[in-house]
$ cat my_file28.txt   # compact mmCIF, C-alpha atoms and all ligand atoms
# COMPACT_ATOMS: atom_id res chain seq x y z
CA MET A 60 128.68 180.67 166.96
CA ILE A 61 131.40 180.19 164.39
CA GLY A 62 133.03 176.79 164.43
CA SER A 63 133.56 173.67 162.39
CA ALA A 64 130.67 171.40 161.49
CA ASN A 65 131.87 168.97 164.15
CA LEU A 66 131.91 171.62 166.87
CA ASN A 67 128.40 172.67 165.91
CA ILE A 68 127.22 169.07 166.16
CA MET A 69 128.80 168.77 169.61
CA VAL A 70 127.33 172.03 170.93
CA LYS A 71 123.88 171.22 169.60
CA ALA A 72 123.92 167.72 171.11
CA ALA A 73 125.14 169.03 174.48
CA ARG A 74 122.45 171.71 174.56
CA LYS A 75 119.67 169.23 173.80
CA ALA A 76 120.89 166.67 176.32
CA GLY A 77 121.30 169.50 178.83
CA ARG A 78 117.72 170.64 178.44
CA SER A 79 116.50 167.17 179.27
CA LEU A 80 118.89 166.75 182.22
CA VAL A 81 117.77 170.10 183.68
CA LYS A 82 114.20 168.77 183.76
CA ASP A 83 115.44 165.61 185.49
CA PHE A 84 117.48 167.70 187.93
CA ARG A 85 114.35 169.57 189.02
CA GLU A 86 112.62 166.22 189.55
CA VAL A 87 115.46 164.96 191.75
CA GLU A 88 114.56 167.51 194.42
CA ASN A 89 111.11 165.92 194.70
CA LEU A 90 112.64 162.47 195.04
CA GLN A 91 115.08 163.29 197.83
CA VAL A 92 112.76 161.79 200.44
CA SER A 93 113.62 158.34 199.14
CA MET A 94 117.35 158.08 198.43
CA LYS A 95 116.99 154.83 196.54
CA GLY A 96 114.32 156.37 194.36
CA ALA A 97 116.56 159.34 193.63
CA GLY A 98 119.58 157.13 192.87
CA ASP A 99 117.66 154.98 190.41
CA PHE A 100 116.13 158.02 188.81
CA VAL A 101 119.54 159.66 188.32
CA SER A 102 121.11 156.56 186.77
CA LYS A 103 118.17 156.39 184.36
CA ALA A 104 118.63 160.09 183.48
CA ASP A 105 122.37 159.51 183.02
CA LEU A 106 121.79 156.50 180.74
CA ALA A 107 119.11 158.31 178.76
CA ALA A 108 121.46 161.28 178.20
CA GLU A 109 124.21 158.93 177.00
CA LYS A 110 121.84 157.15 174.63
CA PHE A 111 120.67 160.47 173.23
CA LEU A 112 124.24 161.75 172.75
CA LYS A 113 125.30 158.52 171.08
CA GLU A 114 122.43 158.74 168.63
CA GLU A 115 123.17 162.40 167.84
CA LEU A 116 126.95 162.15 167.57
CA LEU A 117 127.27 158.76 165.87
CA GLY A 118 124.18 159.59 163.81
CA ALA A 119 125.98 162.65 162.42
CA ARG A 120 129.37 160.89 162.12
CA PRO A 121 128.68 157.15 161.75
CA THR A 122 132.30 156.22 160.98
CA TYR A 123 133.76 157.63 164.21
CA GLY A 124 134.61 155.52 167.25
CA TRP A 125 132.90 155.97 170.61
CA LEU A 126 133.97 155.93 174.24
CA ALA A 127 131.56 156.87 177.02
CA GLU A 128 131.19 156.39 180.76
CA GLU A 129 128.14 154.21 180.95
CA GLY A 130 128.16 152.05 177.83
CA GLY A 131 131.87 151.67 177.11
CA GLY A 132 133.53 151.86 173.71
CA ILE A 133 133.01 151.02 170.05
CA ASP A 134 135.71 150.95 167.39
CA GLY A 135 134.79 153.09 164.41
CA GLN A 136 135.26 152.36 160.75
CA ASP A 137 137.54 155.40 160.92
CA PRO A 138 140.18 154.34 163.46
CA THR A 139 141.59 157.88 163.74
CA ARG A 140 138.54 159.65 165.13
CA ARG A 141 136.62 159.02 168.32
CA TRP A 142 133.95 160.73 170.43
CA ILE A 143 134.81 160.67 174.14
CA VAL A 144 131.70 161.43 176.17
CA ASP A 145 130.57 161.80 179.75
CA PRO A 146 126.80 162.34 179.66
CA LEU A 147 126.81 163.51 183.28
CA ASP A 148 129.97 164.63 185.02
CA GLY A 149 129.30 165.42 188.67
CA THR A 150 126.64 162.75 189.17
CA THR A 151 126.94 162.95 192.95
CA ASN A 152 126.19 166.70 192.85
CA PHE A 153 123.21 166.04 190.57
CA LEU A 154 121.88 163.42 192.98
CA HIS A 155 122.20 165.80 195.92
CA GLY A 156 120.50 168.71 194.16
CA LEU A 157 123.75 170.68 193.84
CA PRO A 158 123.73 172.66 190.58
CA HIS A 159 127.27 171.79 189.53
CA TRP A 160 127.36 169.10 186.87
CA ALA A 161 127.99 169.03 183.14
CA ILE A 162 127.87 167.17 179.88
CA SER A 163 131.33 166.62 178.45
CA ILE A 164 132.05 165.80 174.81
CA GLY A 165 135.53 165.49 173.35
CA LEU A 166 136.59 164.66 169.82
CA GLU A 167 139.85 162.82 169.44
CA HIS A 168 141.78 162.68 166.18
CA LYS A 169 144.93 160.58 165.89
CA GLY A 170 145.29 160.40 169.64
CA GLN A 171 144.85 164.15 170.21
CA VAL A 172 141.76 165.91 171.48
CA VAL A 173 140.92 168.43 168.75
CA ALA A 174 137.56 169.76 169.98
CA GLY A 175 135.76 169.84 173.31
CA VAL A 176 132.46 170.95 174.79
CA VAL A 177 131.62 171.11 178.50
CA TYR A 178 128.07 172.28 179.11
CA ASP A 179 126.93 173.35 182.57
CA ALA A 180 123.24 173.18 181.78
CA ALA A 181 121.98 174.32 185.20
CA LYS A 182 123.83 177.64 184.73
CA ASP A 183 123.57 177.65 180.94
CA GLU A 184 127.33 177.98 180.55
CA MET A 185 128.59 176.37 177.35
CA PHE A 186 132.39 176.02 177.38
CA PHE A 187 133.90 174.94 174.07
CA ALA A 188 137.11 174.96 172.11
CA GLU A 189 138.62 173.72 168.95
CA LYS A 190 142.31 173.26 168.27
CA GLY A 191 143.68 176.47 166.79
CA ALA A 192 140.41 178.41 167.15
CA GLY A 193 140.43 179.49 170.80
CA ALA A 194 138.20 178.65 173.75
CA TRP A 195 134.83 180.19 174.51
CA MET A 196 132.10 180.32 177.13
CA ASN A 197 128.84 181.20 175.38
CA ASP A 198 129.80 184.37 173.44
CA THR A 199 132.89 185.21 175.47
CA ARG A 200 136.44 184.31 174.54
CA LEU A 201 138.17 182.49 177.39
CA ARG A 202 141.57 183.26 178.77
CA VAL A 203 143.30 181.61 181.73
CA SER A 204 144.03 183.84 184.72
CA GLY A 205 147.12 186.02 184.82
CA ARG A 206 148.00 185.28 188.44
CA SER A 207 151.67 184.49 188.91
CA ARG A 208 151.94 184.42 192.71
CA MET A 209 151.09 181.19 194.53
CA ILE A 210 149.80 183.05 197.56
CA GLU A 211 147.12 184.74 195.42
CA SER A 212 146.14 181.60 193.51
CA ILE A 213 143.22 179.22 193.96
CA PHE A 214 143.55 175.59 192.91
CA ALA A 215 140.95 172.90 192.42
CA THR A 216 141.23 169.16 192.85
CA GLY A 217 139.07 166.12 193.50
CA LEU A 218 139.16 164.46 196.89
CA PRO A 219 139.12 160.66 196.74
CA PHE A 220 135.68 159.30 197.56
CA GLY A 221 134.40 155.89 198.60
CA GLY A 222 137.77 154.37 199.54
CA ARG A 223 139.66 155.41 196.42
CA ALA A 224 143.28 154.34 196.89
CA ASP A 225 144.91 157.73 196.23
CA LEU A 226 143.83 159.26 199.57
CA PRO A 227 147.37 159.34 201.08
CA GLU A 228 148.82 161.02 197.96
CA THR A 229 146.05 163.60 197.92
CA LEU A 230 146.47 164.39 201.61
CA LYS A 231 150.21 164.80 201.02
CA ASP A 232 149.49 167.19 198.12
CA LEU A 233 147.14 169.22 200.28
CA GLY A 234 149.60 169.36 203.15
CA ARG A 235 152.23 170.83 200.84
CA LEU A 236 149.98 173.07 198.76
CA LEU A 237 147.60 174.66 201.31
CA PRO A 238 150.25 176.72 203.13
CA THR A 239 151.49 178.19 199.82
CA CYS A 240 148.27 179.36 198.16
CA ALA A 241 145.01 181.30 198.58
CA GLY A 242 142.91 178.16 198.81
CA VAL A 243 141.82 174.84 197.37
CA ARG A 244 138.32 174.12 196.06
CA ARG A 245 136.65 170.73 195.53
CA TRP A 246 133.42 170.64 193.57
CA GLY A 247 133.34 167.03 192.28
CA ALA A 248 133.04 167.58 188.53
CA ALA A 249 136.43 167.34 186.87
CA ALA A 250 135.30 168.54 183.44
CA LEU A 251 133.98 171.74 185.01
CA ASP A 252 137.15 172.17 187.08
CA MET A 253 139.12 172.28 183.83
CA ALA A 254 136.61 174.62 182.18
CA TYR A 255 137.02 176.93 185.18
CA VAL A 256 140.81 176.96 184.76
CA ALA A 257 140.22 177.97 181.12
CA ALA A 258 137.89 180.74 182.30
CA GLY A 259 140.47 182.04 184.80
CA ARG A 260 138.18 181.25 187.75
CA TYR A 261 140.66 178.72 189.11
CA ASP A 262 144.37 179.28 188.58
CA GLY A 263 145.10 175.56 188.35
CA PHE A 264 143.74 172.04 188.83
CA TRP A 265 145.19 168.61 189.47
CA GLU A 266 143.70 165.18 190.06
CA ARG A 267 144.61 161.50 189.80
CA ARG A 268 142.59 158.49 188.71
CA LEU A 269 140.31 160.28 186.32
CA GLN A 270 138.76 158.63 183.29
CA PRO A 271 139.25 159.73 179.66
CA TRP A 272 135.68 161.09 179.52
CA ASP A 273 136.30 163.31 182.57
CA LEU A 274 139.35 164.83 180.88
CA ALA A 275 139.11 164.84 177.09
CA ALA A 276 137.06 168.00 176.47
CA GLY A 277 138.76 169.94 179.26
CA ILE A 278 142.23 169.37 177.83
CA VAL A 279 141.58 171.26 174.60
CA ILE A 280 139.53 173.95 176.36
CA VAL A 281 142.36 174.78 178.80
CA ARG A 282 145.02 174.70 176.07
CA GLU A 283 143.01 176.94 173.75
CA ALA A 284 142.49 179.39 176.62
CA GLY A 285 146.27 179.69 176.86
CA GLY A 286 146.84 177.28 179.75
CA LEU A 287 149.25 174.39 180.13
CA VAL A 288 147.95 170.83 180.55
CA GLN A 289 150.31 167.96 181.33
CA PRO A 290 150.13 164.42 182.63
CA LEU A 291 151.02 164.47 186.31
CA ASP A 292 153.77 161.95 185.51
CA GLU A 293 155.42 163.39 182.41
CA ARG A 294 156.37 159.95 181.09
CA ARG A 295 152.74 158.87 180.84
CA ASP A 296 149.83 159.74 178.57
CA ILE A 297 147.13 161.91 180.18
CA LEU A 298 144.13 159.95 178.95
CA ASP A 299 145.71 156.52 179.61
CA GLU A 300 146.95 157.43 183.07
CA GLY A 301 144.07 159.72 184.13
CA ALA A 302 146.32 161.95 186.21
CA VAL A 303 146.44 165.58 185.15
CA ILE A 304 147.86 168.93 186.15
CA CYS A 305 146.90 172.18 184.44
CA ALA A 306 147.25 175.88 185.16
CA ASN A 307 147.91 179.25 183.65
CA GLN A 308 151.45 179.45 182.24
CA ALA A 309 152.79 181.84 184.86
CA ILE A 310 151.82 179.71 187.85
CA PHE A 311 152.32 176.28 186.26
CA ASP A 312 155.94 175.70 187.30
CA PRO A 313 155.70 176.67 190.99
CA PHE A 314 152.37 174.83 191.25
CA ALA A 315 153.69 171.69 189.53
CA LYS A 316 156.79 171.77 191.73
CA VAL A 317 154.61 171.56 194.86
CA ILE A 318 152.37 168.80 193.46
CA ARG A 319 155.05 166.71 191.77
CA GLY A 320 157.24 167.06 194.84
P1 LIG A 401 131.26 161.41 187.39
O1 LIG A 401 130.28 162.24 188.11
O2 LIG A 401 131.10 161.46 185.91
O3 LIG A 401 131.36 160.01 187.91
C1 LIG A 401 136.19 163.90 190.15
O4 LIG A 401 136.54 163.45 191.36
C2 LIG A 401 135.47 162.92 189.26
O5 LIG A 401 135.16 161.69 189.89
C3 LIG A 401 134.18 163.56 188.85
O6 LIG A 401 134.38 164.17 187.61
C4 LIG A 401 133.14 162.45 188.91
O7 LIG A 401 132.69 162.06 187.63
C5 LIG A 401 133.83 161.27 189.55
N1 LIG A 401 133.09 160.80 190.70
C6 LIG A 401 132.48 159.60 190.79
N2 LIG A 401 131.92 159.45 192.02
C7 LIG A 401 132.17 160.58 192.72
C8 LIG A 401 131.89 161.02 194.07
N3 LIG A 401 131.20 160.28 194.93
N4 LIG A 401 132.29 162.25 194.43
C9 LIG A 401 132.98 163.01 193.56
N5 LIG A 401 133.30 162.65 192.32
C10 LIG A 401 132.91 161.44 191.89
CA CA A 402 129.51 160.49 184.51
$ encode --input "my_file28.txt" --output "structure tokens"
Amino acid sequence: MIGSANLNIMVKAARKAGRSLVKDFREVENLQVSMKGAGDFVSKADLAAEKFLKEELLGARPTYGWLAEEGGGIDGQDPTRRWIVDPLDGTTNFLHGLPHWAISIGLEHKGQVVAGVVYDAAKDEMFFAEKGAGAWMNDTRLRVSGRSRMIESIFATGLPFGGRADLPETLKDLGRLLPTCAGVRRWGAAALDMAYVAAGRYDGFWERRLQPWDLAAGIVIVREAGGLVQPLDERRDILDEGAVICANQAIFDPFAKVIRG
């Protein structure tokens, strides 16, 4: 792999954390009999992965800041650079033995995500990108799909879970979008949804109420694969607001018109 020193650090850390999470994932199947046992086990695996990633990434770049799902944030000596990390995106899938979860690592510089890694360890698919250097999955260069007709396009989203307040908006989106397209998919791991847009597997993705660690890596991966990524509300910042829409360039406008209403 050719990439900057930072990208190499990110890929190496994701691969190592992934190896350990795959072992835990196999264990989860044995624990399914006791849901509480499985839940506790998964949160321990999640925390252990975050601790490992923090040691690797801050160990290699001690002056950078840090923001992660489980342990929160740390200001760095260098206020312009920050790791944004989700040690386990798709936790609910992981807990249920569904092989669709990932480690997500973004690197922010002066408010912009400049490098991202999303590693689907169960399938050994390493998605990564660096600003200006393209997006890749393992050894393959990524390119968003070329579909330009809504009726042939597949879109992904996240459905609100556990009483999340955006259920009415999401149902409205679905009511408008479903009749116009080839289908909507919902897998429950936002970082992988974005990686799949970059890979041309999905033609577009939108979701509200996401966290910076769900989004950071995916933003640069989709852009470097030739896709468009915007905040759902154009006046807001994607990471602050957590509402995103992305797609290949040909389908972006008709898709965004349906979702933005
Ligand atoms: P997480 O697994 O890191 O928490 C998409 O809906 C996002 O919401 C996912 O990336 C996921 O990130 C988060 N999420 C939290 N709880 C969820 C649930 N019960 N079902 C689906 N997604 C969930
Ligand atoms: Ca997580």
$ residues_near_ligand --input "my_file28.txt" --ligand "ligand LIG 401 (chain A)" --cutoff "7 Å" --atoms "only C-alpha atoms and all ligand atoms" --output "list in words"
Asp145, Leu147, Asp148, Gly149, Thr150, Thr151, Gly217, Leu218, Pro219, Phe220, Gly221, Gly247, Ala248, Ala249, Ala250, Leu269 and Asp273 of chain A
$ write_last_selection --input "my_file28.txt" --atoms "C-alpha atoms" --output "mmCIF file, in the coordinates of the input"
data_model
loop_
_atom_site.group_PDB
_atom_site.id
_atom_site.type_symbol
_atom_site.label_atom_id
_atom_site.label_comp_id
_atom_site.auth_asym_id
_atom_site.auth_seq_id
_atom_site.Cartn_x
_atom_site.Cartn_y
_atom_site.Cartn_z
ATOM 1 C CA ASP A 145 130.570 161.800 179.750
ATOM 2 C CA LEU A 147 126.810 163.510 183.280
ATOM 3 C CA ASP A 148 129.970 164.630 185.020
ATOM 4 C CA GLY A 149 129.300 165.420 188.670
ATOM 5 C CA THR A 150 126.640 162.750 189.170
ATOM 6 C CA THR A 151 126.940 162.950 192.950
ATOM 7 C CA GLY A 217 139.070 166.120 193.500
ATOM 8 C CA LEU A 218 139.160 164.460 196.890
ATOM 9 C CA PRO A 219 139.120 160.660 196.740
ATOM 10 C CA PHE A 220 135.680 159.300 197.560
ATOM 11 C CA GLY A 221 134.400 155.890 198.600
ATOM 12 C CA GLY A 247 133.340 167.030 192.280
ATOM 13 C CA ALA A 248 133.040 167.580 188.530
ATOM 14 C CA ALA A 249 136.430 167.340 186.870
ATOM 15 C CA ALA A 250 135.300 168.540 183.440
ATOM 16 C CA LEU A 269 140.310 160.280 186.320
ATOM 17 C CA ASP A 273 136.300 163.310 182.570
#
$ atom_distance --input "my_file28.txt" --atom1 "CA of Met253 (chain A)" --atom2 "CA of Gly135 (chain A)"
27.6 Å
$ residues_near_point --input "my_file28.txt" --point "(132.6, 155.6, 176.1)" --cutoff "9 Å" --atoms "only C-alpha atoms" --output "PDB file with C-alpha atoms, in the frame of the given file"
ATOM      1  CA  TRP A 125     132.900 155.970 170.610  1.00  0.00           C
ATOM      2  CA  LEU A 126     133.970 155.930 174.240  1.00  0.00           C
ATOM      3  CA  ALA A 127     131.560 156.870 177.020  1.00  0.00           C
ATOM      4  CA  GLU A 128     131.190 156.390 180.760  1.00  0.00           C
ATOM      5  CA  GLU A 129     128.140 154.210 180.950  1.00  0.00           C
ATOM      6  CA  GLY A 130     128.160 152.050 177.830  1.00  0.00           C
ATOM      7  CA  GLY A 131     131.870 151.670 177.110  1.00  0.00           C
ATOM      8  CA  GLY A 132     133.530 151.860 173.710  1.00  0.00           C
ATOM      9  CA  ILE A 133     133.010 151.020 170.050  1.00  0.00           C
ATOM     10  CA  TRP A 142     133.950 160.730 170.430  1.00  0.00           C
ATOM     11  CA  ILE A 143     134.810 160.670 174.140  1.00  0.00           C
ATOM     12  CA  VAL A 144     131.700 161.430 176.170  1.00  0.00           C
ATOM     13  CA  ASP A 145     130.570 161.800 179.750  1.00  0.00           C
ATOM     14  CA  PRO A 271     139.250 159.730 179.660  1.00  0.00           C
ATOM     15  CA  TRP A 272     135.680 161.090 179.520  1.00  0.00           C
TER      16      TRP A 272
END
$ closest_atom_pairs --input "my_file28.txt" --of "region 122-237 of chain A" --to "region 68-88 of chain A" --cutoff "10 Å" --atoms "all atoms listed in the file" --output "JSON lines"
{"residue": "A:Trp142", "atom": "CA", "partner": "A:Met69", "partner_atom": "CA", "distance": 9.6}
{"residue": "A:Pro146", "atom": "CA", "partner": "A:Ala76", "partner_atom": "CA", "distance": 8.1}
{"residue": "A:Leu147", "atom": "CA", "partner": "A:Leu80", "partner_atom": "CA", "distance": 8.6}
{"residue": "A:Phe153", "atom": "CA", "partner": "A:Phe84", "partner_atom": "CA", "distance": 6.5}
{"residue": "A:Leu154", "atom": "CA", "partner": "A:Val87", "partner_atom": "CA", "distance": 6.7}
{"residue": "A:His155", "atom": "CA", "partner": "A:Val87", "partner_atom": "CA", "distance": 8.0}
{"residue": "A:Gly156", "atom": "CA", "partner": "A:Glu88", "partner_atom": "CA", "distance": 6.1}
{"residue": "A:Leu157", "atom": "CA", "partner": "A:Phe84", "partner_atom": "CA", "distance": 9.1}
{"residue": "A:Pro158", "atom": "CA", "partner": "A:Phe84", "partner_atom": "CA", "distance": 8.4}
{"residue": "A:Trp160", "atom": "CA", "partner": "A:Leu80", "partner_atom": "CA", "distance": 9.9}
{"residue": "A:Ala161", "atom": "CA", "partner": "A:Gly77", "partner_atom": "CA", "distance": 8.0}
{"residue": "A:Ile162", "atom": "CA", "partner": "A:Ala73", "partner_atom": "CA", "distance": 6.3}
{"residue": "A:Ser163", "atom": "CA", "partner": "A:Ala73", "partner_atom": "CA", "distance": 7.7}
{"residue": "A:Ile164", "atom": "CA", "partner": "A:Met69", "partner_atom": "CA", "distance": 6.8}
{"residue": "A:Gly165", "atom": "CA", "partner": "A:Met69", "partner_atom": "CA", "distance": 8.4}
{"residue": "A:Leu166", "atom": "CA", "partner": "A:Met69", "partner_atom": "CA", "distance": 8.8}
{"residue": "A:Ala174", "atom": "CA", "partner": "A:Met69", "partner_atom": "CA", "distance": 8.8}
{"residue": "A:Gly175", "atom": "CA", "partner": "A:Met69", "partner_atom": "CA", "distance": 8.0}
{"residue": "A:Val176", "atom": "CA", "partner": "A:Val70", "partner_atom": "CA", "distance": 6.5}
{"residue": "A:Val177", "atom": "CA", "partner": "A:Ala73", "partner_atom": "CA", "distance": 7.9}
{"residue": "A:Tyr178", "atom": "CA", "partner": "A:Ala73", "partner_atom": "CA", "distance": 6.4}
{"residue": "A:Asp179", "atom": "CA", "partner": "A:Gly77", "partner_atom": "CA", "distance": 7.8}
{"residue": "A:Ala180", "atom": "CA", "partner": "A:Gly77", "partner_atom": "CA", "distance": 5.1}
{"residue": "A:Ala181", "atom": "CA", "partner": "A:Val81", "partner_atom": "CA", "distance": 6.2}
{"residue": "A:Lys182", "atom": "CA", "partner": "A:Val81", "partner_atom": "CA", "distance": 9.7}
{"residue": "A:Asp183", "atom": "CA", "partner": "A:Gly77", "partner_atom": "CA", "distance": 8.7}
{"residue": "A:Glu184", "atom": "CA", "partner": "A:Arg74", "partner_atom": "CA", "distance": 10.0}
{"residue": "A:Met185", "atom": "CA", "partner": "A:Val70", "partner_atom": "CA", "distance": 7.9}
{"residue": "A:Phe186", "atom": "CA", "partner": "A:Val70", "partner_atom": "CA", "distance": 9.1}
{"residue": "A:Phe187", "atom": "CA", "partner": "A:Val70", "partner_atom": "CA", "distance": 7.8}
$ closest_residue --input "my_file28.txt" --among "A:Val281, A:Leu117, A:Leu274, A:Cys240" --to "ligand CA 402 (chain A)" --atoms "all atoms listed in the file"
A:Leu274
$ closest_residue --input "my_file28.txt" --among "A:Ala192, A:Gly277, A:Gln136, A:Ala104" --to "ligand CA 402 (chain A)" --atoms "all atoms listed in the file"
A:Ala104
$ closest_residue --input "my_file28.txt" --among "A:Asp105, A:Gly285, A:Ala188, A:Ala64" --to "ligand CA 402 (chain A)" --atoms "all atoms listed in the file"
A:Asp105
$ closest_residue --input "my_file28.txt" --among "A:Lys113, A:Arg202, A:Arg120, A:Lys103" --to "Ala257 (chain A)" --atoms "all atoms listed in the file"
A:Arg202
$ closest_residue --input "my_file28.txt" --among "A:Asp252, A:Glu167, A:Glu266, A:Glu115" --to "Glu228 (chain A)" --atoms "only C-alpha atoms"
A:Glu266
$ atom_distance --input "my_file28.txt" --atom1 "CA of Ala275 (chain A)" --atom2 "CA of Lys169 (chain A)"
13.3 Å
